[in-house]
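> So here's final_25.cif (mmCIF, C-alpha atoms).
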```cif
data_work
loop_
_atom_site.label_atom_id
_atom_site.label_comp_id
_atom_site.auth_asym_id
_atom_site.auth_seq_id
_atom_site.Cartn_x
_atom_site.Cartn_y
_atom_site.Cartn_z
CA MET A 11 -2.67 30.62 23.17
CA THR A 12 -1.36 27.07 23.56
CA THR A 13 -0.93 24.68 20.67
CA HIS A 14 -3.73 22.54 22.09
CA ASP A 15 -6.06 25.56 22.20
CA ILE A 16 -5.33 26.19 18.51
CA LEU A 17 -5.98 22.54 17.65
CA VAL A 18 -9.36 22.69 19.40
CA LYS A 19 -10.34 25.90 17.61
CA ALA A 20 -9.32 24.48 14.24
CA LYS A 21 -11.34 21.33 14.79
CA GLU A 22 -14.37 23.44 15.68
CA ALA A 23 -13.86 25.66 12.63
CA LYS A 24 -13.45 22.90 10.05
CA HIS A 25 -17.14 22.01 9.83
CA GLY A 26 -18.20 25.56 9.02
CA ILE A 27 -15.39 26.04 6.51
CA GLY A 28 -16.18 22.75 4.79
CA THR A 29 -19.74 23.86 4.04
CA LEU A 30 -18.94 27.32 2.63
CA ASP A 31 -20.09 27.75 -0.94
CA THR A 32 -17.70 28.81 -3.70
CA ALA A 33 -18.80 32.44 -3.76
CA LYS A 34 -18.24 32.83 -0.01
CA LYS A 35 -14.80 31.25 -0.17
CA ASN A 36 -13.77 33.42 -3.11
CA ALA A 37 -15.00 36.57 -1.36
CA ALA A 38 -12.99 35.62 1.72
CA LEU A 39 -9.88 35.02 -0.37
CA CYS A 40 -10.18 38.38 -2.10
CA ALA A 41 -10.66 40.05 1.29
CA MET A 42 -7.52 38.30 2.56
CA ALA A 43 -5.56 39.59 -0.44
CA ASP A 44 -6.86 43.14 0.08
CA ALA A 45 -5.93 42.98 3.75
CA LEU A 46 -2.36 41.92 2.92
CA ILE A 47 -1.95 45.02 0.76
CA ALA A 48 -3.55 47.26 3.39
CA GLU A 49 -1.28 45.87 6.11
CA THR A 50 1.93 46.06 4.04
CA PRO A 51 3.63 48.58 6.38
CA ALA A 52 3.02 46.38 9.44
CA ILE A 53 4.18 43.25 7.60
CA LEU A 54 7.37 44.96 6.37
CA ALA A 55 8.11 46.25 9.87
CA ALA A 56 7.76 42.76 11.32
CA ASN A 57 9.94 41.34 8.56
CA ALA A 58 12.62 43.96 9.17
CA GLY A 59 12.80 42.73 12.76
CA ASP A 60 13.13 39.11 11.63
CA MET A 61 15.85 40.09 9.16
CA GLU A 62 17.82 41.98 11.80
CA VAL A 63 17.79 39.02 14.18
CA ALA A 64 18.67 36.53 11.42
CA LYS A 65 21.65 38.42 9.96
CA GLY A 66 24.87 36.56 10.63
CA LYS A 67 22.95 33.45 11.69
CA ILE A 68 21.73 32.19 8.30
CA SER A 69 23.28 32.36 4.83
CA ASP A 70 22.68 35.18 2.36
CA VAL A 71 20.53 32.97 0.14
CA MET A 72 18.40 32.00 3.15
CA LEU A 73 18.13 35.67 4.08
CA ASP A 74 16.76 36.27 0.60
CA ARG A 75 14.09 33.64 1.27
CA LEU A 76 13.17 35.44 4.49
CA LEU A 77 13.12 38.95 3.00
CA LEU A 78 9.81 40.60 2.18
CA THR A 79 9.36 43.70 0.01
CA ALA A 80 6.25 45.56 -1.06
CA ALA A 81 6.53 43.83 -4.43
CA ARG A 82 6.74 40.40 -2.81
CA ILE A 83 3.69 41.14 -0.67
CA GLU A 84 1.84 42.23 -3.80
CA GLY A 85 2.88 38.91 -5.34
CA MET A 86 1.51 37.04 -2.32
CA ALA A 87 -1.79 38.90 -2.63
CA GLU A 88 -1.93 38.16 -6.34
CA GLY A 89 -1.32 34.48 -5.58
CA ILE A 90 -4.36 34.48 -3.29
CA ARG A 91 -6.46 36.13 -6.00
CA GLU A 92 -5.33 33.50 -8.49
CA VAL A 93 -6.53 30.77 -6.10
CA ALA A 94 -9.90 32.52 -5.93
CA LYS A 95 -10.17 32.25 -9.73
CA LEU A 96 -9.55 28.50 -9.76
CA PRO A 97 -12.40 25.96 -9.92
CA ASP A 98 -13.67 24.84 -6.54
CA PRO A 99 -12.47 21.26 -5.93
CA VAL A 100 -15.01 20.54 -3.19
CA GLY A 101 -18.13 18.61 -4.20
CA LYS A 102 -16.73 17.62 -7.58
CA VAL A 103 -18.02 14.23 -8.74
CA LEU A 104 -14.88 12.29 -9.63
CA ARG A 105 -16.53 9.11 -10.84
CA THR A 106 -20.04 7.72 -11.25
CA ALA A 107 -21.15 4.13 -11.67
CA THR A 108 -24.56 2.46 -11.67
CA ARG A 109 -24.58 -1.13 -10.50
CA PRO A 110 -26.82 -3.86 -12.06
CA ASN A 111 -29.18 -3.59 -9.07
CA GLY A 112 -29.78 0.12 -9.84
CA MET A 113 -27.62 1.42 -7.03
CA LYS A 114 -25.79 4.63 -8.04
CA ILE A 115 -22.28 5.14 -6.67
CA GLU A 116 -20.54 8.52 -6.85
CA ARG A 117 -17.01 9.32 -5.70
CA VAL A 118 -17.13 12.94 -4.49
CA SER A 119 -14.28 15.29 -3.60
CA VAL A 120 -14.49 16.53 0.01
CA PRO A 121 -12.28 18.64 2.31
CA MET A 122 -9.51 17.10 4.40
CA GLY A 123 -10.74 18.92 7.51
CA VAL A 124 -7.73 20.36 9.34
CA ILE A 125 -4.44 20.72 7.48
CA ALA A 126 -1.31 21.53 9.48
CA ILE A 127 1.80 22.87 7.77
CA ILE A 128 5.24 22.98 9.38
CA TYR A 129 7.61 25.18 7.42
CA GLU A 130 10.79 27.16 7.85
CA SER A 131 11.90 30.70 6.94
CA ARG A 132 9.72 31.51 3.92
CA PRO A 133 6.99 33.99 4.92
CA ASN A 134 5.18 33.65 1.57
CA VAL A 135 4.31 30.05 2.46
CA THR A 136 2.00 31.52 5.10
CA SER A 137 -0.36 33.09 2.59
CA ASP A 138 -0.01 30.32 -0.02
CA ALA A 139 -0.93 27.60 2.49
CA ALA A 140 -3.80 29.54 4.03
CA SER A 141 -5.41 30.39 0.70
CA LEU A 142 -5.14 26.88 -0.70
CA ALA A 143 -6.52 25.31 2.48
CA LEU A 144 -9.47 27.71 2.55
CA LYS A 145 -10.39 27.14 -1.11
CA ALA A 146 -10.11 23.39 -0.48
CA GLY A 147 -12.58 23.76 2.40
CA SER A 148 -10.18 23.03 5.26
CA ALA A 149 -9.04 24.83 8.37
CA CYS A 150 -5.33 25.59 8.39
CA ILE A 151 -2.79 25.47 11.22
CA LEU A 152 0.54 27.10 10.39
CA ARG A 153 3.74 26.46 12.29
CA CYS A 154 6.74 28.39 10.95
CA GLY A 155 10.39 28.55 12.01
CA LYS A 156 11.48 31.09 14.59
CA GLU A 157 13.39 33.14 11.99
CA ALA A 158 10.15 34.06 10.21
CA HIS A 159 7.70 34.08 13.09
CA ALA A 160 7.11 37.83 13.41
CA SER A 161 6.62 38.09 9.64
CA ALA A 162 4.22 35.15 9.61
CA GLN A 163 2.27 36.56 12.55
CA ALA A 164 1.81 39.89 10.77
CA ILE A 165 0.65 38.07 7.62
CA VAL A 166 -1.81 35.92 9.60
CA ASP A 167 -3.11 38.97 11.47
CA ALA A 168 -3.80 40.65 8.14
CA MET A 169 -5.50 37.61 6.63
CA GLN A 170 -7.67 37.16 9.72
CA LYS A 171 -8.83 40.77 9.33
CA GLY A 172 -9.82 39.94 5.77
CA LEU A 173 -11.66 36.81 6.88
CA ALA A 174 -13.58 38.74 9.53
CA ALA A 175 -14.52 41.41 6.98
CA ALA A 176 -15.89 38.65 4.72
CA GLY A 177 -17.88 37.07 7.55
CA VAL A 178 -15.74 33.92 7.71
CA PRO A 179 -14.45 32.62 11.09
CA ALA A 180 -10.86 33.79 11.61
CA ASP A 181 -10.05 30.51 13.37
CA CYS A 182 -9.89 28.77 10.00
CA VAL A 183 -6.34 30.22 9.68
CA GLN A 184 -4.16 30.09 12.79
CA LEU A 185 -0.44 30.40 13.55
CA ILE A 186 1.22 28.38 16.29
CA GLU A 187 2.79 30.77 18.80
CA ASP A 188 5.35 28.29 20.17
CA THR A 189 8.37 27.92 17.85
CA SER A 190 10.07 25.21 19.91
CA HIS A 191 10.28 21.54 18.89
CA ASP A 192 7.49 20.85 21.39
CA SER A 193 4.83 22.48 19.21
CA ALA A 194 6.02 20.61 16.12
CA ASN A 195 5.88 17.34 18.04
CA GLU A 196 2.38 18.16 19.26
CA LEU A 197 1.18 18.68 15.69
CA MET A 198 2.82 15.44 14.58
CA THR A 199 0.91 13.49 17.22
CA ALA A 200 -2.42 15.39 17.21
CA ARG A 201 -4.59 12.43 16.26
CA GLY A 202 -8.25 13.40 16.20
CA TYR A 203 -7.37 17.04 15.48
CA VAL A 204 -5.06 17.10 12.45
CA ASP A 205 -6.30 15.32 9.34
CA LEU A 206 -3.19 15.97 7.25
CA LEU A 207 0.30 17.20 8.16
CA ILE A 208 2.53 18.72 5.48
CA PRO A 209 6.17 19.43 6.36
CA ARG A 210 7.78 21.95 4.04
CA GLY A 211 11.47 22.56 4.60
CA GLY A 212 14.85 20.92 4.79
CA ALA A 213 15.70 17.23 4.91
CA GLY A 214 15.94 17.19 8.72
CA LEU A 215 12.44 18.60 9.24
CA ILE A 216 10.87 16.26 6.72
CA ARG A 217 12.65 13.21 8.11
CA ARG A 218 11.58 14.07 11.66
CA CYS A 219 7.94 14.37 10.60
CA VAL A 220 7.96 11.14 8.60
CA GLU A 221 9.64 9.19 11.40
CA ASN A 222 7.68 10.59 14.36
CA ALA A 223 4.21 11.59 13.15
CA THR A 224 1.18 9.58 14.17
CA VAL A 225 -1.10 11.69 11.94
CA PRO A 226 -1.15 11.27 8.15
CA VAL A 227 1.85 13.01 6.54
CA LEU A 228 2.15 14.21 2.97
CA GLU A 229 5.89 14.31 2.45
CA THR A 230 7.27 17.23 0.50
CA GLY A 231 10.79 16.60 -0.63
CA THR A 232 14.18 18.14 -0.72
CA GLY A 233 15.42 18.82 -4.22
CA ILE A 234 18.62 17.26 -5.46
CA CYS A 235 17.67 18.13 -9.04
CA HIS A 236 19.73 17.26 -12.13
CA VAL A 237 20.24 18.61 -15.63
CA PHE A 238 21.76 16.10 -18.08
CA VAL A 239 23.30 17.53 -21.24
CA GLU A 240 23.11 14.73 -23.79
CA LYS A 241 25.58 14.74 -26.68
CA THR A 242 23.05 15.96 -29.27
CA GLY A 243 21.67 18.75 -27.08
CA ASP A 244 21.73 22.40 -28.13
CA GLN A 245 24.64 23.66 -26.05
CA GLU A 246 23.55 27.31 -25.92
CA LYS A 247 20.13 26.28 -24.70
CA ALA A 248 21.77 23.94 -22.20
CA LEU A 249 23.89 26.77 -20.78
CA ALA A 250 20.85 29.03 -20.45
CA ILE A 251 18.83 26.26 -18.78
CA ILE A 252 21.62 25.41 -16.33
CA GLU A 253 22.27 29.05 -15.37
CA ASN A 254 18.55 29.61 -14.83
CA ALA A 255 18.08 26.39 -12.88
CA LYS A 256 21.09 27.08 -10.65
CA CYS A 257 21.24 30.86 -10.30
CA GLN A 258 17.76 32.34 -10.69
CA ARG A 259 16.94 31.40 -7.08
CA PRO A 260 19.39 28.83 -5.68
CA SER A 261 17.71 28.57 -2.28
CA VAL A 262 14.58 26.78 -3.52
CA CYS A 263 13.90 23.07 -3.91
CA ASN A 264 13.55 23.11 -7.71
CA ALA A 265 16.98 24.67 -8.26
CA CYS A 266 19.51 22.48 -10.05
CA GLU A 267 22.17 20.98 -7.77
CA ASP A 268 24.00 18.70 -10.22
CA VAL A 269 24.82 18.76 -13.91
CA LEU A 270 25.64 15.61 -15.84
CA ILE A 271 27.60 15.97 -19.09
CA ASP A 272 27.81 13.39 -21.87
CA GLU A 273 31.50 12.50 -22.24
CA ALA A 274 31.23 12.86 -26.04
CA ILE A 275 30.90 16.65 -25.61
CA ALA A 276 32.71 17.16 -22.29
CA ALA A 277 35.87 18.71 -23.78
CA GLU A 278 33.78 21.20 -25.76
CA PHE A 279 30.99 21.92 -23.29
CA LEU A 280 32.72 22.13 -19.90
CA PRO A 281 34.82 25.22 -20.76
CA LYS A 282 31.59 26.90 -21.93
CA LEU A 283 29.92 25.94 -18.64
CA LYS A 284 32.77 27.47 -16.61
CA LYS A 285 32.68 30.62 -18.73
CA THR A 286 28.92 31.00 -18.20
CA LEU A 287 28.81 30.27 -14.47
CA VAL A 288 32.15 31.73 -13.38
CA ASP A 289 33.95 34.01 -15.85
CA ASP A 290 30.93 35.81 -17.35
CA ARG A 291 29.30 36.23 -13.94
CA LEU A 292 32.53 37.69 -12.57
CA GLU A 293 32.49 40.31 -15.33
CA LYS A 294 28.84 41.12 -14.58
CA GLY A 295 29.47 41.37 -10.84
CA ALA A 296 27.10 38.47 -10.19
CA LYS A 297 27.58 35.77 -7.58
CA LEU A 298 29.96 33.11 -8.88
CA VAL A 299 29.04 29.44 -8.93
CA GLU A 300 31.46 27.07 -7.24
CA LEU A 301 31.88 24.04 -9.50
CA ARG A 302 32.47 20.78 -7.65
CA LEU A 303 33.95 18.51 -10.29
CA CYS A 304 34.25 14.77 -10.68
CA GLU A 305 37.66 13.39 -11.67
CA LYS A 306 36.82 13.32 -15.39
CA ALA A 307 35.48 16.88 -15.38
CA ARG A 308 38.73 18.14 -13.77
CA GLN A 309 40.58 17.03 -16.91
CA PHE A 310 38.89 19.85 -18.83
CA ILE A 311 38.31 22.75 -16.37
CA ASP A 312 39.45 23.97 -12.98
CA GLY A 313 37.20 23.78 -9.96
CA THR A 314 36.77 22.21 -6.54
CA PRO A 315 37.24 18.42 -6.48
CA ALA A 316 33.87 16.84 -5.66
CA GLY A 317 33.76 15.30 -2.21
CA GLU A 318 32.24 11.97 -1.26
CA LYS A 319 28.86 13.49 -0.32
CA ASP A 320 28.63 16.32 -2.85
CA PHE A 321 26.35 14.43 -5.24
CA ASP A 322 24.02 13.65 -2.34
CA THR A 323 23.76 17.22 -1.05
CA GLU A 324 21.05 19.83 -1.55
CA PHE A 325 23.32 22.87 -1.51
CA LEU A 326 20.63 25.59 -1.72
CA ASP A 327 23.51 27.89 -2.66
CA TYR A 328 25.73 28.91 -5.58
CA ILE A 329 27.36 25.48 -5.67
CA LEU A 330 26.99 22.97 -8.50
CA GLY A 331 28.08 19.35 -8.72
CA VAL A 332 29.44 18.44 -12.17
CA LYS A 333 29.86 14.88 -13.38
CA VAL A 334 30.84 13.42 -16.76
CA VAL A 335 28.85 10.32 -17.77
CA SER A 336 29.28 7.91 -20.65
CA SER A 337 25.68 7.76 -21.88
CA VAL A 338 22.04 8.53 -21.19
CA GLU A 339 21.87 5.16 -19.44
CA GLU A 340 24.63 6.15 -17.01
CA ALA A 341 22.93 9.49 -16.42
CA ILE A 342 19.70 7.67 -15.52
CA THR A 343 21.59 5.30 -13.22
CA HIS A 344 23.32 8.21 -11.47
CA ILE A 345 20.02 10.04 -10.97
CA ALA A 346 18.42 6.89 -9.57
CA ALA A 347 21.25 6.62 -7.02
CA HIS A 348 21.43 10.28 -5.96
CA SER A 349 18.15 12.06 -6.75
CA THR A 350 15.51 12.89 -4.17
CA GLY A 351 12.78 12.29 -6.75
CA HIS A 352 11.95 15.96 -7.27
CA SER A 353 12.82 17.33 -10.74
CA GLU A 354 15.23 16.25 -13.47
CA ALA A 355 15.91 17.57 -16.98
CA ILE A 356 17.54 16.35 -20.16
CA VAL A 357 18.81 18.66 -22.89
CA THR A 358 18.73 16.71 -26.15
CA LYS A 359 17.68 16.65 -29.79
CA ASP A 360 17.50 12.84 -29.77
CA GLU A 361 13.88 11.72 -29.38
CA THR A 362 14.96 8.21 -28.40
CA ALA A 363 17.16 9.56 -25.61
CA ALA A 364 14.33 11.84 -24.46
CA ARG A 365 11.84 8.95 -24.34
CA LEU A 366 14.28 6.75 -22.44
CA PHE A 367 14.98 9.53 -19.94
CA THR A 368 11.33 10.41 -19.33
CA SER A 369 10.35 6.74 -19.08
CA LEU A 370 13.04 5.60 -16.64
CA VAL A 371 13.73 8.64 -14.45
CA ASP A 372 11.47 8.16 -11.43
CA SER A 373 10.95 11.74 -10.25
CA ALA A 374 7.85 13.85 -9.74
CA ALA A 375 8.71 16.12 -12.69
CA VAL A 376 10.84 15.18 -15.70
CA TYR A 377 11.73 17.84 -18.27
CA VAL A 378 12.97 17.78 -21.86
CA ASN A 379 14.82 20.97 -22.84
CA VAL A 380 13.28 22.98 -19.98
CA SER A 381 14.64 24.38 -16.70
CA THR A 382 13.76 22.53 -13.49
CA ARG A 383 12.67 25.87 -11.99
CA PHE A 384 9.20 25.36 -13.47
CA THR A 385 8.23 22.75 -10.86
CA ASP A 386 5.92 25.14 -9.11
CA GLY A 387 2.19 25.35 -8.51
CA GLY A 388 1.85 28.73 -10.16
CA GLU A 389 3.85 27.69 -13.22
CA PHE A 390 1.76 24.51 -13.50
CA GLY A 391 -1.46 26.53 -13.46
CA LEU A 392 -2.44 25.55 -9.92
CA GLY A 393 -2.49 29.12 -8.57
CA CYS A 394 0.12 28.47 -5.90
CA GLU A 395 1.17 25.37 -4.04
CA MET A 396 1.36 23.80 -0.61
CA GLY A 397 4.69 22.22 -1.51
CA ILE A 398 6.18 19.68 -3.90
CA SER A 399 5.44 16.07 -3.04
CA THR A 400 8.17 13.57 -3.85
CA GLN A 401 6.19 10.60 -2.61
CA LYS A 402 3.63 8.66 -4.63
CA LEU A 403 0.64 8.41 -2.27
CA HIS A 404 -1.69 10.17 -2.41
CA ALA A 405 -0.24 13.05 -4.42
CA ARG A 406 2.94 13.76 -6.36
CA GLY A 407 4.53 16.98 -7.61
CA PRO A 408 3.07 20.46 -6.87
CA LEU A 409 0.29 20.23 -4.29
CA GLY A 410 -2.64 22.28 -5.50
CA LEU A 411 -6.32 22.31 -4.62
CA GLU A 412 -7.23 18.84 -5.87
CA GLU A 413 -4.34 17.29 -3.95
CA LEU A 414 -5.54 18.96 -0.72
CA CYS A 415 -8.91 17.19 -0.90
CA THR A 416 -9.86 13.62 -0.19
CA PHE A 417 -13.03 11.88 -1.36
CA LYS A 418 -15.92 9.84 -0.12
CA TYR A 419 -18.47 7.59 -1.78
CA VAL A 420 -22.09 8.65 -1.92
CA ILE A 421 -24.44 5.77 -2.73
CA THR A 422 -28.06 6.31 -3.74
CA GLY A 423 -30.66 3.56 -4.13
CA ASP A 424 -34.28 2.60 -3.69
CA GLY A 425 -34.36 0.03 -0.92
CA GLN A 426 -31.67 -2.33 -2.25
CA THR A 427 -30.39 -4.92 0.24
CA ARG A 428 -27.49 -7.32 -0.03
#
```
Once more with this new file: its structure as structure tokens, please.

Amino acid sequence: MTTHDILVKAKEAKHGIGTLDTAKKNAALCAMADALIAETPAILAANAGDMEVAKGKISDVMLDRLLLTAARIEGMAEGIREVAKLPDPVGKVLRTATRPNGMKIERVSVPMGVIAIIYESRPNVTSDAASLALKAGSACILRCGKEAHASAQAIVDAMQKGLAAAGVPADCVQLIEDTSHDSANELMTARGYVDLLIPRGGAGLIRRCVENATVPVLETGTGICHVFVEKTGDQEKALAIIENAKCQRPSVCNACEDVLIDEAIAAEFLPKLKKTLVDDRLEKGAKLVELRLCEKARQFIDGTPAGEKDFDTEFLDYILGVKVVSSVEEAITHIAAHSTGHSEAIVTKDETAARLFTSLVDSAAVYVNVSTRFTDGGEFGLGCEMGISTQKLHARGPLGLEELCTFKYVITGDGQTR
């Protein structure tokens, strides 16, 4: 099926999806989740093929993003069920006003219509995006990278079986068959068919969509995320936060890429940081973190000298930029210059420093004494997410159900004229 054929089918499906009641949508979601579990062998077989082709072509951490297991498929199904439990955003009255002439004005949440998602080698995005779009009353067009296409196709096939079993048109969730740049370009310029385009992937993909799309784009961002250890911060908590933010899953956008250390504690803290991320991990047989150090940091520990672009790089790997700063003000200035506006954290006991940091750091999520890994729809109570928006219009941070709706005004009167 051509990309244009899929666009036409999605446009036809959006009206029926937009009028489904909550019970029908929830039944369809639960049927999709059940079908994922039932089709686990087929999904794993497709994923094994993707993994075999990708080995040697992408990094180990990216292979981990591509890999599916029975437990991960169960997690995907559970994510769909969690979306079914969430309040329906469609038809919610957001604001009501009655004018002096008696005219009643309501702002009402309504579906986007057709949401297209371009993403790379993360098969779980397939089910997350489809379930969120359906609950938000929209048809969904998925376009994944070639590395994950067989996996995504098996997931979509399963979900469509669930939709059919629930009596919901399968065309409300479709996967683009063409993995070339041509199909991505067609989605970017599908005015009259695509109501919202969401790119979810690396900096190159997002930049290409923002620069070339003629349809509305909701920009999800790359994550050059920072942890700043302020001089009063609990150092053991800081080490735990940094190791979690860097190592728990380094290939995701909310992983920490750079650590900033207050110079007042640099001599004491940096050897502890190296012990935690290098020496202790070596003893445990865990993957070591390569520390890319600024000139001041190299006075206290050994590591790789930081290059010119290291503090502007989303490594998505076991690599960590380390910089010594003179104060919370310098930390804020550094973040302003190098952050992508995703997630930043401060470790501190100083309430004044915490307030300054949270007030002046202009990112979608700002943490005090918490790992950046929590910037996630599920962790924020949104069920799952369509991505993390680093822009300010119309949504910011994890994109859940409310962010996937728009609104319209419904005005009721009794013959009023202007």
> Could you give me, as CSV, every stretch 146-259 of chain A residue with an atom at most 12 Å from stretch 87-107 of chain A, plus its closest atom pair and distance in Å to one decimal, counting only C-alpha atoms, rows ordered by chain then number?

```
residue,atom,partner,partner_atom,distance
A:Ala146,CA,A:Val100,CA,6.3
A:Gly147,CA,A:Val100,CA,6.9
A:Ser148,CA,A:Val100,CA,10.0
A:Ile165,CA,A:Ala87,CA,10.6
A:Ala168,CA,A:Ala87,CA,11.1
A:Met169,CA,A:Ala87,CA,10.1
A:Gly172,CA,A:Ala87,CA,11.7
```
> If you measure from atom CA of A:Gly214 to atom CA of A:Cys150, what distance in Å do you get, rounded to one decimal?
22.9 Å
> When you draw a straight line from atom CA of A:Asp70 to atom CA of A:Arg132, how long is it in Å?
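Interatomic distance here is 13.6 Å.
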> Would you please work out which residue, of A:Gln184, A:Gln309, A:Ser137, A:Thr400, is nearest to A:Ile125 when using all atoms listed in the file?
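So, comparing all the options, the nearest one is A:Gln184.
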> From the list A:Tyr328, A:Glu361, A:Ile115, A:His404, which residue is nearest A:Asn254 when using only C-alpha atoms?
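Checking each of A:Tyr328, A:Glu361, A:Ile115, A:His404 against A:Asn254, counting only C-alpha atoms, the winner is A:Tyr328.
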> Counting all atoms listed in the file, figure out which residue out of A:Cys257, A:Met113, A:Ala143, A:Ile127 gets nearest to A:Leu215.
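For A:Leu215, the nearest of the given residues is A:Ile127.
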> Which residues come within 7 Å of A:Thr323, counting only C-alpha atoms, excluding same-chain residues fewer than 3 positions away, as a list in words?
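Returned residues: Ile234, Lys319 and Asp320 of chain A.
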> Considering only C-alpha atoms, state which residue in the set A:Leu144, A:Gly331, A:Asp205, A:Leu366 is at the smallest distance from A:Leu39.
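When distances to A:Leu39 are compared using only C-alpha atoms, the smallest one comes from A:Leu144.
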> For atom CA of A:Gln426 and atom CA of A:Thr108, quote the distance in Å rounded to one decimal.
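It comes out at 12.7 Å.
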> Here is a test: counting only C-alpha atoms, which residue of A:Gly85, A:Gly295, A:Gly317, A:Gly351 is nearest to A:Cys394?
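Checking each of A:Gly85, A:Gly295, A:Gly317, A:Gly351 against A:Cys394, counting only C-alpha atoms, the winner is A:Gly85.
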> Pick from A:Thr224, A:Thr79, A:Thr32, A:Ser190: nearest to A:Ile47, with only C-alpha atoms counted?
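Distance minimum relative to A:Ile47 lands on A:Thr79.
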> Could you name the residues that touch stretch 22-27 of chain A at 8 Å or less, counting only C-alpha atoms, but leaving out those on the same chain fewer than 4 positions away, as a list in words?
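Neighbouring residues, sequence-local ones excluded: Val18, Gly123, Val124, Leu144, Gly147, Ser148, Ala149, Val178, Pro179, Asp181 and Cys182 of chain A.
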> Would you list the contacts of A:Asp167 as JSON, numbers by chain, taking every protein, DNA or RNA residue within 12 Å and counting only C-alpha atoms, but skipping same-chain residues closer than 2 positions in sequence?
{"A": [42, 45, 46, 48, 49, 50, 52, 53, 56, 136, 137, 159, 160, 161, 162, 163, 164, 165, 169, 170, 171, 172, 173, 174, 180, 181, 183, 184, 185]}
> Please work out which residues fall within 7 Å of (24.3, 28.4, 0.7), coordinates as given in the file, with only C-alpha atoms counting, and return them as a PyMOL selection string.
chain A and resi 69+71+325-328
> So that I can see what lies close to A:Phe238, please list as a PyMOL selection string the residues with an atom at most 12 Å from it, counting all atoms listed in the file and leaving out residues fewer than 3 positions away in the same chain.
chain A and resi 235+241-245+248-249+251-252+266-273+275-276+331-345+353-358+363-364+367-368+371+376-382
> Near A:Arg210, counting only C-alpha atoms, which residues have an atom at most 10 Å away, once you skip same-chain residues fewer than 4 positions from it, shown as number ranges by chain?
A: 127-130, 132, 135, 154, 215-216, 228-232, 396-399
> Save the residues we just selected, C-alpha atoms, as a PDB file, in the coordinates of the input?

```pdb
ATOM      1  CA  ILE A 127       1.800  22.870   7.770  1.00  0.00           C
ATOM      2  CA  ILE A 128       5.240  22.980   9.380  1.00  0.00           C
ATOM      3  CA  TYR A 129       7.610  25.180   7.420  1.00  0.00           C
ATOM      4  CA  GLU A 130      10.790  27.160   7.850  1.00  0.00           C
ATOM      5  CA  ARG A 132       9.720  31.510   3.920  1.00  0.00           C
ATOM      6  CA  VAL A 135       4.310  30.050   2.460  1.00  0.00           C
ATOM      7  CA  CYS A 154       6.740  28.390  10.950  1.00  0.00           C
ATOM      8  CA  LEU A 215      12.440  18.600   9.240  1.00  0.00           C
ATOM      9  CA  ILE A 216      10.870  16.260   6.720  1.00  0.00           C
ATOM     10  CA  LEU A 228       2.150  14.210   2.970  1.00  0.00           C
ATOM     11  CA  GLU A 229       5.890  14.310   2.450  1.00  0.00           C
ATOM     12  CA  THR A 230       7.270  17.230   0.500  1.00  0.00           C
ATOM     13  CA  GLY A 231      10.790  16.600  -0.630  1.00  0.00           C
ATOM     14  CA  THR A 232      14.180  18.140  -0.720  1.00  0.00           C
ATOM     15  CA  MET A 396       1.360  23.800  -0.610  1.00  0.00           C
ATOM     16  CA  GLY A 397       4.690  22.220  -1.510  1.00  0.00           C
ATOM     17  CA  ILE A 398       6.180  19.680  -3.900  1.00  0.00           C
ATOM     18  CA  SER A 399       5.440  16.070  -3.040  1.00  0.00           C
TER      19      SER A 399
END
```
> Given the file shown, determine the residues that the PyMOL selection byres ((chain A and resi 284) around 12) selects; report them as a PyMOL selection string.
chain A and resi 249+252-253+276-283+285-292+298-303+307-308+310-313+330+332
> Could you tell me, as a PyMOL selection string, which residues have any atom at most 7 Å from (-15.5, 10.3, -5.5), counting all atoms listed in the file?
chain A and resi 103-105+116-119+417-419
> Name the residues captured by the PyMOL selection byres ((chain A and resi 189) around 10) when it is applied to the shown file; answer as number ranges by chain.
A: 153-159, 186-188, 190-194
